[in-house]
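Note: the block below is run.txt and it holds compact mmCIF, C-alpha atoms.
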# COMPACT_ATOMS: atom_id res chain seq x y z
CA MET C 1362 226.12 178.63 5.58
CA TYR C 1363 229.37 179.09 3.70
CA ASN C 1364 231.37 176.52 1.81
CA TYR C 1365 235.13 176.34 2.19
CA ARG C 1366 237.88 176.25 -0.39
CA TYR C 1367 240.65 176.74 2.12
CA PHE C 1368 240.71 173.76 4.40
CA GLY C 1369 241.31 173.96 8.13
CA ILE C 1370 239.68 177.38 8.67
CA ASN C 1371 237.81 177.58 11.97
CA LYS C 1372 234.40 178.77 10.90
CA GLU C 1373 233.31 180.40 14.16
CA SER C 1374 236.53 182.25 14.93
CA THR C 1375 236.89 183.36 11.31
CA TYR C 1376 233.35 184.72 11.24
CA LEU C 1377 233.87 186.64 14.45
CA GLY C 1378 237.15 187.96 13.11
CA LEU C 1379 235.37 189.33 10.05
CA SER C 1380 232.44 190.85 11.93
CA GLY C 1381 234.09 194.22 11.83
CA PHE C 1382 233.59 194.44 8.08
CA VAL C 1383 230.54 196.64 8.61
CA ARG C 1384 232.91 199.56 8.99
CA MET C 1385 234.44 201.19 5.94
CA PHE C 1386 238.09 200.69 5.10
CA ILE C 1387 240.29 203.20 3.35
CA VAL C 1388 242.43 201.22 0.96
CA SER C 1389 244.97 202.64 -1.42
CA ILE C 1390 245.02 200.59 -4.60
CA GLY C 1391 248.18 201.24 -6.46
CA ALA C 1392 249.23 202.83 -3.15
CA ALA C 1393 250.97 205.84 -4.53
CA VAL C 1394 253.47 206.66 -1.81
CA SER C 1395 255.85 209.54 -2.25
CA ALA C 1396 259.20 209.24 -0.62
CA GLY C 1397 262.31 211.35 -0.70
CA CYS C 1398 264.88 209.86 -3.04
CA SER C 1399 267.56 211.70 -4.83
CA ASN C 1400 267.81 211.66 -8.58
CA ASP C 1401 271.13 209.85 -8.72
CA GLY C 1402 271.33 209.73 -12.45
CA ARG C 1403 268.48 207.29 -13.06
CA THR C 1404 266.29 208.01 -16.04
CA GLU C 1405 262.58 208.61 -15.83
CA GLY C 1406 260.47 205.46 -15.83
CA ARG C 1407 259.46 202.34 -13.90
CA GLN C 1408 261.80 200.01 -12.00
CA VAL C 1409 260.88 196.93 -9.96
CA THR C 1410 262.49 197.46 -6.57
CA ASP C 1411 260.94 194.63 -4.52
CA TYR C 1412 259.41 191.19 -5.05
CA GLN C 1413 257.90 189.02 -2.30
CA GLU C 1414 255.72 185.92 -2.35
CA TYR C 1415 253.08 184.97 0.22
CA GLU C 1416 250.56 182.27 1.02
CA VAL C 1417 247.27 183.83 2.13
CA THR C 1418 243.72 182.93 3.06
CA VAL C 1419 240.99 184.92 1.32
CA ALA C 1420 237.74 185.26 3.30
CA SER C 1421 234.43 184.00 1.93
CA LYS C 1422 232.94 187.48 1.63
CA LYS C 1423 234.27 190.88 0.76
CA ALA C 1424 234.20 194.02 2.89
CA PRO C 1425 233.03 197.47 1.82
CA GLY C 1426 235.92 199.86 1.35
CA VAL C 1427 237.21 202.98 -0.32
CA TYR C 1428 240.38 203.13 -2.34
CA THR C 1429 242.24 206.11 -3.71
CA SER C 1430 243.38 206.23 -7.32
CA CYS C 1431 244.73 209.27 -9.11
CA GLY C 1432 243.39 211.47 -6.34
CA ASN C 1433 239.87 210.04 -6.52
CA ASN C 1434 238.13 208.07 -3.75
CA ILE C 1435 236.23 205.09 -5.14
CA LEU C 1436 233.75 202.99 -3.16
CA THR C 1437 234.08 199.24 -3.77
CA ASP C 1438 234.24 195.84 -2.09
CA VAL C 1439 237.71 194.68 -1.09
CA TYR C 1440 239.31 191.34 -0.18
CA ALA C 1441 239.90 190.32 3.43
CA VAL C 1442 243.11 188.27 3.59
CA ARG C 1443 245.13 186.60 6.31
CA TYR C 1444 248.80 185.82 5.73
CA THR C 1445 250.04 182.37 6.77
CA GLY C 1446 251.47 182.54 10.28
CA GLU C 1447 249.47 185.63 11.22
CA ASP C 1448 246.16 185.97 13.10
CA GLU C 1449 245.13 189.42 11.91
CA TRP C 1450 242.96 189.91 8.84
CA LYS C 1451 244.12 192.55 6.38
CA ILE C 1452 242.72 194.22 3.31
CA LEU C 1453 243.68 194.00 -0.37
CA ALA C 1454 241.79 195.97 -3.00
CA SER C 1455 242.93 193.91 -5.98
CA ILE C 1456 244.57 190.57 -6.74
CA GLU C 1457 245.38 190.18 -10.40
CA GLY C 1458 244.37 186.90 -12.01
CA PHE C 1459 242.18 185.82 -9.08
CA GLU C 1460 238.68 184.59 -10.02
CA TYR C 1461 236.74 185.12 -6.81
CA GLU C 1462 233.41 183.52 -5.97
CA SER C 1463 231.61 184.64 -2.81
CA GLY C 1464 230.83 181.96 -0.24
CA TYR C 1465 234.16 180.12 -0.38
CA TYR C 1466 237.37 180.49 1.57
CA TYR C 1467 240.43 180.35 -0.68
CA GLY C 1468 244.02 179.44 0.02
CA ILE C 1469 246.16 181.11 -2.63
CA ASN C 1470 249.74 182.04 -3.35
CA ILE C 1471 250.37 185.62 -4.40
CA PHE C 1472 253.41 187.76 -5.07
CA ARG C 1473 253.77 191.46 -4.39
CA LYS C 1474 255.68 193.69 -6.73
CA LYS C 1475 256.90 197.09 -5.54
CA SER C 1476 257.61 199.30 -8.53
CA SER C 1477 259.12 202.79 -8.46
CA PHE C 1478 258.32 205.55 -10.92
CA LEU C 1479 260.86 208.36 -11.12
CA ARG C 1480 259.28 211.68 -12.09
CA ARG C 1481 261.31 213.86 -14.47
CA LYS C 1482 262.79 217.00 -12.91
CA GLN C 1483 261.37 216.03 -9.47
CA ASP C 1484 263.33 214.81 -6.50
CA PHE C 1485 260.97 212.02 -5.43
CA CYS C 1486 259.71 208.60 -6.50
CA ILE C 1487 256.23 207.12 -6.52
CA PHE C 1488 256.01 203.52 -5.30
CA VAL C 1489 253.24 201.24 -6.56
CA PHE C 1490 252.36 197.81 -5.07
CA ARG C 1491 250.78 195.12 -7.26
CA TYR C 1492 249.41 191.83 -5.90
CA VAL C 1493 249.30 189.01 -8.43
CA MET C 1494 247.96 185.49 -7.82
CA THR C 1495 250.36 182.67 -8.68
CA MET C 1496 248.37 179.59 -7.62
CA VAL C 1497 245.09 178.62 -5.95
CA ILE C 1498 246.33 175.71 -3.83
CA SER C 1499 243.10 174.97 -1.97
CA LYS C 1500 240.83 174.92 -5.02
CA GLN C 1501 243.21 172.55 -6.76
CA ILE C 1502 243.16 170.32 -3.67
CA GLN C 1503 239.38 170.36 -3.51
CA ASP C 1504 238.97 169.54 -7.19
CA THR C 1505 241.45 166.67 -6.95
CA LEU C 1506 239.91 165.25 -3.77
CA ASN C 1507 236.46 165.40 -5.33
CA SER C 1508 237.74 163.30 -8.24
CA ILE C 1509 239.28 160.61 -6.00
CA PRO C 1510 236.86 157.77 -5.17
CA PRO C 1511 236.47 156.78 -1.50
CA GLY C 1512 238.89 154.09 -0.36
CA LYS C 1513 241.55 154.97 -2.92
CA VAL C 1514 245.08 155.75 -1.78
CA PHE C 1515 246.64 158.87 -3.29
CA THR C 1516 249.92 160.74 -3.05
CA ILE C 1517 251.16 164.31 -3.37
CA ALA C 1518 252.01 163.58 -7.01
CA ASP C 1519 248.30 163.14 -7.79
CA PHE C 1520 247.75 166.88 -7.21
CA ASN C 1521 250.13 167.92 -10.00
CA VAL C 1522 251.56 170.72 -7.86
CA VAL C 1523 255.04 171.95 -8.71
CA PRO C 1524 257.68 171.34 -5.96
CA LYS C 1525 257.77 175.02 -5.10
CA TYR C 1526 254.20 174.87 -3.75
CA GLN C 1527 254.25 171.38 -2.24
CA PRO C 1528 254.90 172.63 1.33
CA ALA C 1529 251.63 174.56 1.09
CA LEU C 1530 249.94 171.43 -0.26
CA VAL C 1531 251.21 169.34 2.66
CA LYS C 1532 249.89 171.92 5.14
CA ALA C 1533 246.48 171.94 3.46
CA LEU C 1534 246.32 168.13 3.50
CA GLY C 1535 247.25 168.25 7.19
CA ARG C 1536 244.20 170.41 7.82
CA GLN C 1537 242.09 167.89 5.91
CA ILE C 1538 243.41 165.12 8.16
CA ALA C 1539 242.59 167.17 11.28
CA ALA C 1540 239.07 167.70 9.94
CA GLY C 1541 238.65 163.94 9.45
CA ASN C 1542 238.13 164.20 5.68
CA ILE C 1543 241.18 162.12 4.77
CA SER C 1544 243.64 159.84 6.57
CA LYS C 1545 247.39 159.41 6.28
CA ILE C 1546 248.84 155.90 5.99
CA SER C 1547 252.51 156.80 5.54
CA LYS C 1548 254.75 159.67 4.50
CA GLY C 1549 253.26 161.27 1.41
CA LYS C 1550 250.44 158.69 1.16
CA TYR C 1551 246.81 159.40 2.04
CA PHE C 1552 243.39 157.94 1.46
CA LYS C 1553 239.80 159.15 1.50
CA PRO C 1554 237.81 156.83 3.78
CA LYS C 1555 234.62 155.29 2.51
CA GLN C 1556 231.78 156.07 4.90
CA THR C 1557 229.18 153.44 5.84
CA VAL C 1558 226.52 153.11 8.51
CA PHE C 1559 229.14 151.30 10.57
CA GLY C 1560 231.73 154.05 10.24
CA SER C 1561 234.77 154.64 8.04
CA LEU C 1562 236.21 151.73 6.07
CA LYS C 1563 239.93 151.16 5.74
CA PRO C 1564 241.44 151.14 2.26
CA PRO C 1565 241.79 147.75 0.53
CA VAL C 1566 245.16 146.13 1.18
CA THR C 1567 246.04 146.38 -2.50
CA GLU C 1568 245.51 150.15 -2.34
CA ALA C 1569 247.65 150.55 0.78
CA VAL C 1570 250.64 148.93 -0.95
CA LYS C 1571 249.86 149.79 -4.55
CA ASP C 1572 253.22 151.49 -5.11
CA LEU C 1573 254.96 148.26 -4.05
CA LEU C 1574 252.94 146.16 -6.49
CA GLU C 1575 253.19 148.08 -9.73
CA LYS C 1576 255.23 150.75 -11.46
CA ASN C 1577 254.28 152.50 -14.68
CA GLY C 1578 251.39 150.08 -15.08
CA LYS C 1579 253.56 146.95 -14.83
CA PRO C 1580 253.66 144.54 -11.85
CA ILE C 1581 256.78 144.69 -9.70
CA GLY C 1582 255.39 142.67 -6.81
CA TYR C 1583 252.38 140.66 -5.66
CA ILE C 1584 250.61 140.01 -2.38
CA THR C 1585 251.24 136.55 -1.03
CA GLY C 1586 251.31 135.00 2.44
CA ILE C 1587 248.30 134.88 4.76
CA PRO C 1588 246.09 137.48 2.98
CA ALA C 1589 246.53 135.67 -0.34
CA PHE C 1590 246.16 132.21 1.21
CA ALA C 1591 242.89 133.30 2.84
CA GLN C 1592 241.54 134.28 -0.57
CA MET C 1593 242.64 130.90 -1.91
CA GLY C 1594 240.61 129.15 0.79
CA LEU C 1595 243.65 127.76 2.61
CA THR C 1596 243.06 129.58 5.91
CA THR C 1597 240.48 131.66 7.73
CA GLN C 1598 243.10 133.73 9.52
CA ILE C 1599 242.81 137.54 9.34
CA THR C 1600 245.96 139.57 9.80
CA SER C 1601 247.38 143.05 9.33
CA ALA C 1602 250.69 141.52 8.22
CA ILE C 1603 251.30 141.71 4.49
CA THR C 1604 253.82 139.64 2.58
CA ILE C 1605 254.89 140.80 -0.86
CA GLY C 1606 256.79 138.76 -3.40
CA THR C 1607 259.34 140.86 -5.27
CA ASN C 1608 262.40 140.33 -7.43
CA LYS C 1609 264.65 142.37 -5.13
CA TYR C 1610 265.33 142.12 -1.43
CA ARG C 1611 263.70 144.82 0.67
CA ARG C 1612 263.70 145.49 4.38
CA PRO C 1613 260.41 145.08 6.28
CA LEU C 1614 258.49 148.29 6.81
CA LYS C 1615 255.50 149.68 8.64
CA ARG C 1616 252.72 151.49 6.80
CA GLY C 1617 249.90 152.67 9.02
CA GLU C 1618 248.55 149.62 10.80
CA TYR C 1619 250.12 147.25 8.29
CA THR C 1620 253.41 145.45 8.80
CA ILE C 1621 254.92 144.64 5.42
CA SER C 1622 257.56 141.97 4.78
CA PHE C 1623 259.06 140.78 1.52
CA ILE C 1624 260.11 137.47 0.02
CA VAL C 1625 262.43 137.27 -2.96
CA GLN C 1626 260.80 135.83 -6.06
CA SER C 1627 263.31 134.50 -8.61
CA ASN C 1628 260.77 134.23 -11.43
CA ALA C 1629 259.61 137.15 -13.53
CA ILE C 1630 256.43 138.64 -12.10
CA THR C 1631 253.59 139.02 -14.60
CA GLU C 1632 249.82 139.37 -14.31
CA GLU C 1633 249.45 135.90 -15.82
CA ASN C 1634 251.78 134.00 -13.49
CA ILE C 1635 250.95 135.68 -10.16
CA PRO C 1636 248.18 133.11 -9.32
CA LEU C 1637 250.65 130.31 -10.04
CA LEU C 1638 253.36 131.91 -7.92
CA ARG C 1639 250.91 132.09 -5.01
CA ILE C 1640 250.25 128.35 -5.29
CA LEU C 1641 254.01 127.67 -5.17
CA ASP C 1642 254.38 130.06 -2.21
CA ALA C 1643 251.64 128.17 -0.38
CA ILE C 1644 253.48 124.88 -0.94
CA LYS C 1645 256.73 126.48 0.22
CA LEU C 1646 255.11 127.88 3.40
CA ILE C 1647 252.89 124.89 4.09
CA ARG C 1648 254.34 124.47 7.59
CA ASN C 1649 253.43 128.04 8.53
CA ILE C 1650 249.90 128.55 7.23
CA PRO C 1651 247.80 129.37 10.35
CA ALA C 1652 244.39 128.00 11.30
CA ALA C 1653 244.88 124.96 9.03
CA THR C 1654 246.82 121.69 9.14
CA PRO C 1655 249.36 120.81 6.44
CA ASP C 1656 247.07 117.96 5.36
CA ASP C 1657 244.15 120.37 4.90
CA CYS C 1658 246.36 122.69 2.90
CA ILE C 1659 247.59 119.86 0.63
CA ILE C 1660 243.99 118.83 -0.10
CA ASN C 1661 242.94 122.40 -0.91
CA ILE C 1662 246.05 123.06 -3.00
CA SER C 1663 245.41 119.83 -4.89
CA ASN C 1664 241.91 121.09 -5.73
CA LEU C 1665 243.33 124.41 -6.98
CA ILE C 1666 245.87 122.67 -9.21
CA GLY C 1667 243.22 120.23 -10.41
CA ASN C 1668 241.19 123.17 -11.76
CA LEU C 1669 244.11 124.45 -13.83
CA SER C 1670 244.48 123.74 -17.54
CA ASP C 1671 247.29 121.47 -18.74
CA LYS C 1672 249.09 124.53 -20.08
CA SER C 1673 248.92 126.27 -16.70
CA ARG C 1674 250.14 123.12 -14.92
CA GLU C 1675 253.11 122.95 -17.27
CA GLN C 1676 253.84 126.62 -16.57
CA LEU C 1677 253.52 125.89 -12.85
CA CYS C 1678 256.21 123.23 -13.14
CA THR C 1679 258.47 125.57 -15.08
CA LEU C 1680 258.12 128.25 -12.38
CA ALA C 1681 258.76 125.62 -9.68
CA GLU C 1682 262.27 125.05 -11.03
CA ASN C 1683 263.29 128.30 -9.30
CA TYR C 1684 261.93 127.08 -5.95
CA THR C 1685 263.61 124.89 -3.35
CA PRO C 1686 263.66 121.10 -4.08
CA TYR C 1687 261.03 120.13 -1.47
CA VAL C 1688 258.52 122.45 -3.22
CA ARG C 1689 259.13 120.58 -6.49
CA ALA C 1690 258.80 117.25 -4.68
CA LEU C 1691 255.46 118.21 -3.13
CA LEU C 1692 254.20 119.62 -6.45
CA GLY C 1693 255.23 116.45 -8.28
CA ALA C 1694 253.44 114.27 -5.70
CA ILE C 1695 250.29 116.41 -5.98
CA LEU C 1696 250.28 116.27 -9.77
CA GLU C 1697 250.78 112.50 -9.76
CA ASN C 1698 248.03 112.12 -7.17
CA ILE C 1699 245.48 113.96 -9.32
CA GLY C 1700 246.50 111.98 -12.41
CA SER C 1701 248.31 114.79 -14.17
CA ASP C 1702 251.52 114.87 -16.15
CA THR C 1703 254.45 115.97 -13.97
CA PHE C 1704 256.25 117.65 -16.88
CA GLY C 1705 259.70 116.32 -16.02
CA LEU C 1706 259.77 117.59 -12.41
CA GLY C 1707 261.36 114.33 -11.24
CA LYS C 1708 264.43 115.02 -13.37
CA THR C 1709 265.09 118.24 -11.46
CA LEU C 1710 265.45 116.37 -8.13
CA ASN C 1711 268.24 114.33 -6.59
CA GLY C 1712 266.98 110.75 -6.42
CA VAL C 1713 268.64 109.97 -3.07
CA THR C 1714 267.50 113.09 -1.21
CA THR C 1715 264.56 112.72 1.18
CA TYR C 1716 262.24 115.52 2.26
CA LYS C 1717 260.87 115.57 5.81
CA LEU C 1718 257.47 117.24 5.65
CA PRO C 1719 254.42 117.13 7.97
CA VAL C 1720 252.13 115.59 5.35
CA SER C 1721 250.33 112.28 5.89
CA LYS C 1722 249.88 109.48 3.38
CA GLN C 1723 246.11 109.89 3.73
CA ALA C 1724 246.32 113.44 2.35
CA LEU C 1725 249.00 112.63 -0.25
CA PRO C 1726 249.19 108.90 -1.12
CA THR C 1727 251.93 109.46 -3.71
CA LYS C 1728 254.36 111.16 -1.33
CA SER C 1729 256.71 108.17 -1.02
CA SER C 1730 257.28 108.18 -4.79
CA TRP C 1731 258.83 111.61 -4.34
CA ASN C 1732 260.95 110.76 -1.29
CA ILE C 1733 258.69 112.67 1.09
CA VAL C 1734 258.88 111.16 4.57
CA ALA C 1735 257.21 111.93 7.89
CA ILE C 1736 258.97 114.20 10.37
Produce structure tokens that represent the structure in this file.
Amino acid sequence: MYNYRYFGINKESTYLGLSGFVRMFIVSIGAAVSAGCSNDGRTEGRQVTDYQEYEVTVASKKAPGVYTSCGNNILTDVYAVRYTGEDEWKILASIEGFEYESGYYYGINIFRKKSSFLRRKQDFCIFVFRYVMTMVISKQIQDTLNSIPPGKVFTIADFNVVPKYQPALVKALGRQIAAGNISKISKGKYFKPKQTVFGSLKPPVTEAVKDLLEKNGKPIGYITGIPAFAQMGLTTQITSAITIGTNKYRRPLKRGEYTISFIVQSNAITEENIPLLRILDAIKLIRNIPAATPDDCIINISNLIGNLSDKSREQLCTLAENYTPYVRALLGAILENIGSDTFGLGKTLNGVTTYKLPVSKQALPTKSSWNIVAI
């Protein structure tokens, strides 16, 4: 059984296509071809007259062949190659710079140089073809994929392929998708599924939107909304909708099965304050948290805030100043209810404004002190 280094090759059809290798091939390496060409004043020597680049598949085993060099026939093994877009297998005697290992299919980029040698005092040229490897796309893909852990999202940039060869990379990744080895979640974004006895696992939500959460190692957004509230114990709802807090407005988008929306966060986003921002978001969205009543949410949020240090509570109040007034009112009532300092939150509110919120006095006894009234 052969391994593959060029993804997407159909093993059966390729094997049948190479079954004719038992016959001998006559291959001209250095293909000295004489052709009539007048000596139009050019001096003796070598000139490059043609340059072409190709993407080819190299078969997993060589074929016996004979090539002619300097009038001598030499028996050797030669490469079987198939040019992209063609069905027929062809023969190359030599590919400079190519380190071949039997048992693997390779997808490589090569260029062909056609050089002419003008013989002195003779009215003809000798043309020589050289095939030189420029890049082994498939091996680079395989090595990179092997280094990526299952469940991790990756992009074209992770393969470190120069733009010139990225179309070939995209085609090779497409063959990997067709073979079921990787999955695509959006344009230019892929992941390697983690296999279990129950089948393939989807990537973690944080992986699916990683590029929206950090840039150059620094946070630029954070997951909030239902997925975050579920982790905080505020709801048992499961959803494919993702809400991301970010400093700039962005339009909603679709990424695979996920629907992603954004809320504008006026505070700076740091690793340290993200948990606090999620608490404030939960207070802000208390009317819309599914599978839980507002009273249940207030009780659970009160427990979360109660477990914070005084320093974190003070920071929470500072961050709340960039939220709407009813969020500050609810936070102040919660802090007062658990016997905490309110850190001057009351001074940030209009004393005559009332806030109609669906929170009962049983869940929040101090609500009237903060002008929170029933709807």
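Put simply, atom CA of Ser1622 of chain C is 7.7 Å away from atom CA of Ala1602 of chain C.
Using only C-alpha atoms for every distance, the candidate list C:Glu1618, C:Asp1671, C:Glu1682, C:Glu1575 yields C:Glu1618 as the residue closest to Thr1600 of chain C.
You will find atom CA of Asn1732 of chain C at 16.3 Å from atom CA of Lys1645 of chain C.
Closest to Tyr1467 of chain C among C:Lys1422, C:Arg1612, C:Lys1451, C:Lys1708 is C:Lys1422, based on only C-alpha atoms.
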Spatial neighbours of Ala1589 of chain C, max dist 12 Å, all atoms listed in the file, sep filter under 2 positions, as a PyMOL selection string:
chain C and resi 1566-1567+1583-1587+1591-1600+1602-1606+1635-1643+1650
Using the selection just defined, write its residues with C-alpha atoms as an mmCIF file, in the coordinates of the input.
data_model
loop_
_atom_site.group_PDB
_atom_site.id
_atom_site.type_symbol
_atom_site.label_atom_id
_atom_site.label_comp_id
_atom_site.auth_asym_id
_atom_site.auth_seq_id
_atom_site.Cartn_x
_atom_site.Cartn_y
_atom_site.Cartn_z
ATOM 1 C CA VAL C 1566 245.160 146.130 1.180
ATOM 2 C CA THR C 1567 246.040 146.380 -2.500
ATOM 3 C CA TYR C 1583 252.380 140.660 -5.660
ATOM 4 C CA ILE C 1584 250.610 140.010 -2.380
ATOM 5 C CA THR C 1585 251.240 136.550 -1.030
ATOM 6 C CA GLY C 1586 251.310 135.000 2.440
ATOM 7 C CA ILE C 1587 248.300 134.880 4.760
ATOM 8 C CA ALA C 1591 242.890 133.300 2.840
ATOM 9 C CA GLN C 1592 241.540 134.280 -0.570
ATOM 10 C CA MET C 1593 242.640 130.900 -1.910
ATOM 11 C CA GLY C 1594 240.610 129.150 0.790
ATOM 12 C CA LEU C 1595 243.650 127.760 2.610
ATOM 13 C CA THR C 1596 243.060 129.580 5.910
ATOM 14 C CA THR C 1597 240.480 131.660 7.730
ATOM 15 C CA GLN C 1598 243.100 133.730 9.520
ATOM 16 C CA ILE C 1599 242.810 137.540 9.340
ATOM 17 C CA THR C 1600 245.960 139.570 9.800
ATOM 18 C CA ALA C 1602 250.690 141.520 8.220
ATOM 19 C CA ILE C 1603 251.300 141.710 4.490
ATOM 20 C CA THR C 1604 253.820 139.640 2.580
ATOM 21 C CA ILE C 1605 254.890 140.800 -0.860
ATOM 22 C CA GLY C 1606 256.790 138.760 -3.400
ATOM 23 C CA ILE C 1635 250.950 135.680 -10.160
ATOM 24 C CA PRO C 1636 248.180 133.110 -9.320
ATOM 25 C CA LEU C 1637 250.650 130.310 -10.040
ATOM 26 C CA LEU C 1638 253.360 131.910 -7.920
ATOM 27 C CA ARG C 1639 250.910 132.090 -5.010
ATOM 28 C CA ILE C 1640 250.250 128.350 -5.290
ATOM 29 C CA LEU C 1641 254.010 127.670 -5.170
ATOM 30 C CA ASP C 1642 254.380 130.060 -2.210
ATOM 31 C CA ALA C 1643 251.640 128.170 -0.380
ATOM 32 C CA ILE C 1650 249.900 128.550 7.230
#
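You can rank C:Trp1731, C:Gly1446, C:Lys1423, C:Arg1689 by their closest distance to Tyr1461 of chain C using all atoms listed in the file, and at the top of that list sits C:Lys1423.
With atom CA of Ala1694 of chain C on one side and atom CA of Pro1726 of chain C on the other, the separation reads 8.2 Å.
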Of the candidates C:Pro1655, C:Pro1528, C:Gly1617, C:Pro1580, which shows the shortest atom-to-atom distance to Ser1544 of chain C, using all atoms listed in the file?
C:Gly1617
Residue contacts of Glu1447 of chain C (12 Å, only C-alpha atoms) excluding same-chain residues fewer than 6 positions away, as a PyMOL selection string
chain C and resi 1415-1418
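Of the residues listed (C:Ser1508, C:Thr1715, C:Ser1729, C:Gln1501), C:Gln1501 shows the shortest atom-to-atom separation from Phe1520 of chain C; distances use all atoms listed in the file.
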Which neighbours of Lys1555 of chain C fall inside 12 Å, counting only C-alpha atoms, when residues of the same chain fewer than 5 positions from it are skipped, and could you give them as a ChimeraX atom specification?
/C:1509-1514,1541-1544,1560-1565
Answer as a ChimeraX atom specification, residues within 9 Å of (252.8, 116.1, 8.2) using only C-alpha atoms
/C:1648,1654-1656,1717-1722,1734-1736
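Ranking C:Thr1620, C:Gln1527, C:Gln1413, C:Asn1507 by their shortest atom-to-atom distance to Ile1546 of chain C, with all atoms listed in the file included, puts C:Thr1620 first.
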Neighbourhood query: residues within 12 Å of (255.4, 153.1, 7.3), file coordinates, counting only C-alpha atoms; return as an MDAnalysis selection string.
chainID C and resid 1545:1551 1569:1570 1612:1622
Box dimensions and centre (Å, one decimal) enclosing segment 1468-1472 of chain C, axis-aligned, 5 Å extra per side, as lines of an AutoDock Vina configuration file:
center_x = 248.7
center_y = 183.6
center_z = -2.5
size_x = 19.4
size_y = 18.3
size_z = 15.1
Can you fill out segment 1624-1637 of chain C with N, CA, C and O atoms and hand it back as a PDB file, in the frame of the given file?
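As written to disk, part13.pdb reads:
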ATOM      1  N   ILE C1624     259.389 138.684   0.361  1.00  0.00           N
ATOM      2  CA  ILE C1624     260.110 137.470   0.020  1.00  0.00           C
ATOM      3  C   ILE C1624     260.624 137.625  -1.407  1.00  0.00           C
ATOM      4  O   ILE C1624     259.963 138.228  -2.260  1.00  0.00           O
ATOM      5  N   VAL C1625     261.816 137.130  -1.642  1.00  0.00           N
ATOM      6  CA  VAL C1625     262.430 137.270  -2.960  1.00  0.00           C
ATOM      7  C   VAL C1625     261.844 136.221  -3.905  1.00  0.00           C
ATOM      8  O   VAL C1625     261.829 135.030  -3.605  1.00  0.00           O
ATOM      9  N   GLN C1626     261.353 136.692  -5.031  1.00  0.00           N
ATOM     10  CA  GLN C1626     260.800 135.830  -6.060  1.00  0.00           C
ATOM     11  C   GLN C1626     261.776 135.813  -7.245  1.00  0.00           C
ATOM     12  O   GLN C1626     262.046 136.839  -7.861  1.00  0.00           O
ATOM     13  N   SER C1627     262.304 134.613  -7.550  1.00  0.00           N
ATOM     14  CA  SER C1627     263.310 134.500  -8.610  1.00  0.00           C
ATOM     15  C   SER C1627     262.709 134.527 -10.013  1.00  0.00           C
ATOM     16  O   SER C1627     263.399 134.835 -10.981  1.00  0.00           O
ATOM     17  N   ASN C1628     261.431 134.203 -10.118  1.00  0.00           N
ATOM     18  CA  ASN C1628     260.770 134.230 -11.430  1.00  0.00           C
ATOM     19  C   ASN C1628     260.347 135.648 -11.790  1.00  0.00           C
ATOM     20  O   ASN C1628     260.156 136.507 -10.921  1.00  0.00           O
ATOM     21  N   ALA C1629     260.186 135.883 -13.078  1.00  0.00           N
ATOM     22  CA  ALA C1629     259.610 137.150 -13.530  1.00  0.00           C
ATOM     23  C   ALA C1629     258.175 137.236 -13.012  1.00  0.00           C
ATOM     24  O   ALA C1629     257.462 136.235 -12.927  1.00  0.00           O
ATOM     25  N   ILE C1630     257.773 138.428 -12.635  1.00  0.00           N
ATOM     26  CA  ILE C1630     256.430 138.640 -12.100  1.00  0.00           C
ATOM     27  C   ILE C1630     255.560 139.260 -13.188  1.00  0.00           C
ATOM     28  O   ILE C1630     255.834 140.359 -13.670  1.00  0.00           O
ATOM     29  N   THR C1631     254.530 138.534 -13.588  1.00  0.00           N
ATOM     30  CA  THR C1631     253.590 139.020 -14.600  1.00  0.00           C
ATOM     31  C   THR C1631     252.171 138.813 -14.088  1.00  0.00           C
ATOM     32  O   THR C1631     251.934 138.030 -13.161  1.00  0.00           O
ATOM     33  N   GLU C1632     251.231 139.530 -14.707  1.00  0.00           N
ATOM     34  CA  GLU C1632     249.820 139.370 -14.310  1.00  0.00           C
ATOM     35  C   GLU C1632     249.377 137.919 -14.474  1.00  0.00           C
ATOM     36  O   GLU C1632     248.592 137.405 -13.681  1.00  0.00           O
ATOM     37  N   GLU C1633     249.889 137.260 -15.511  1.00  0.00           N
ATOM     38  CA  GLU C1633     249.450 135.900 -15.820  1.00  0.00           C
ATOM     39  C   GLU C1633     249.990 134.871 -14.825  1.00  0.00           C
ATOM     40  O   GLU C1633     249.285 133.899 -14.492  1.00  0.00           O
ATOM     41  N   ASN C1634     251.223 135.053 -14.338  1.00  0.00           N
ATOM     42  CA  ASN C1634     251.780 134.000 -13.490  1.00  0.00           C
ATOM     43  C   ASN C1634     251.641 134.253 -11.991  1.00  0.00           C
ATOM     44  O   ASN C1634     252.014 133.394 -11.182  1.00  0.00           O
ATOM     45  N   ILE C1635     251.093 135.401 -11.590  1.00  0.00           N
ATOM     46  CA  ILE C1635     250.950 135.680 -10.160  1.00  0.00           C
ATOM     47  C   ILE C1635     250.100 134.621  -9.441  1.00  0.00           C
ATOM     48  O   ILE C1635     250.479 134.135  -8.361  1.00  0.00           O
ATOM     49  N   PRO C1636     248.942 134.181  -9.998  1.00  0.00           N
ATOM     50  CA  PRO C1636     248.180 133.110  -9.320  1.00  0.00           C
ATOM     51  C   PRO C1636     248.985 131.827  -9.149  1.00  0.00           C
ATOM     52  O   PRO C1636     248.846 131.127  -8.134  1.00  0.00           O
ATOM     53  N   LEU C1637     249.834 131.511 -10.129  1.00  0.00           N
ATOM     54  CA  LEU C1637     250.650 130.310 -10.040  1.00  0.00           C
ATOM     55  C   LEU C1637     251.761 130.469  -8.997  1.00  0.00           C
ATOM     56  O   LEU C1637     252.077 129.528  -8.261  1.00  0.00           O
TER      57      LEU C1637
END
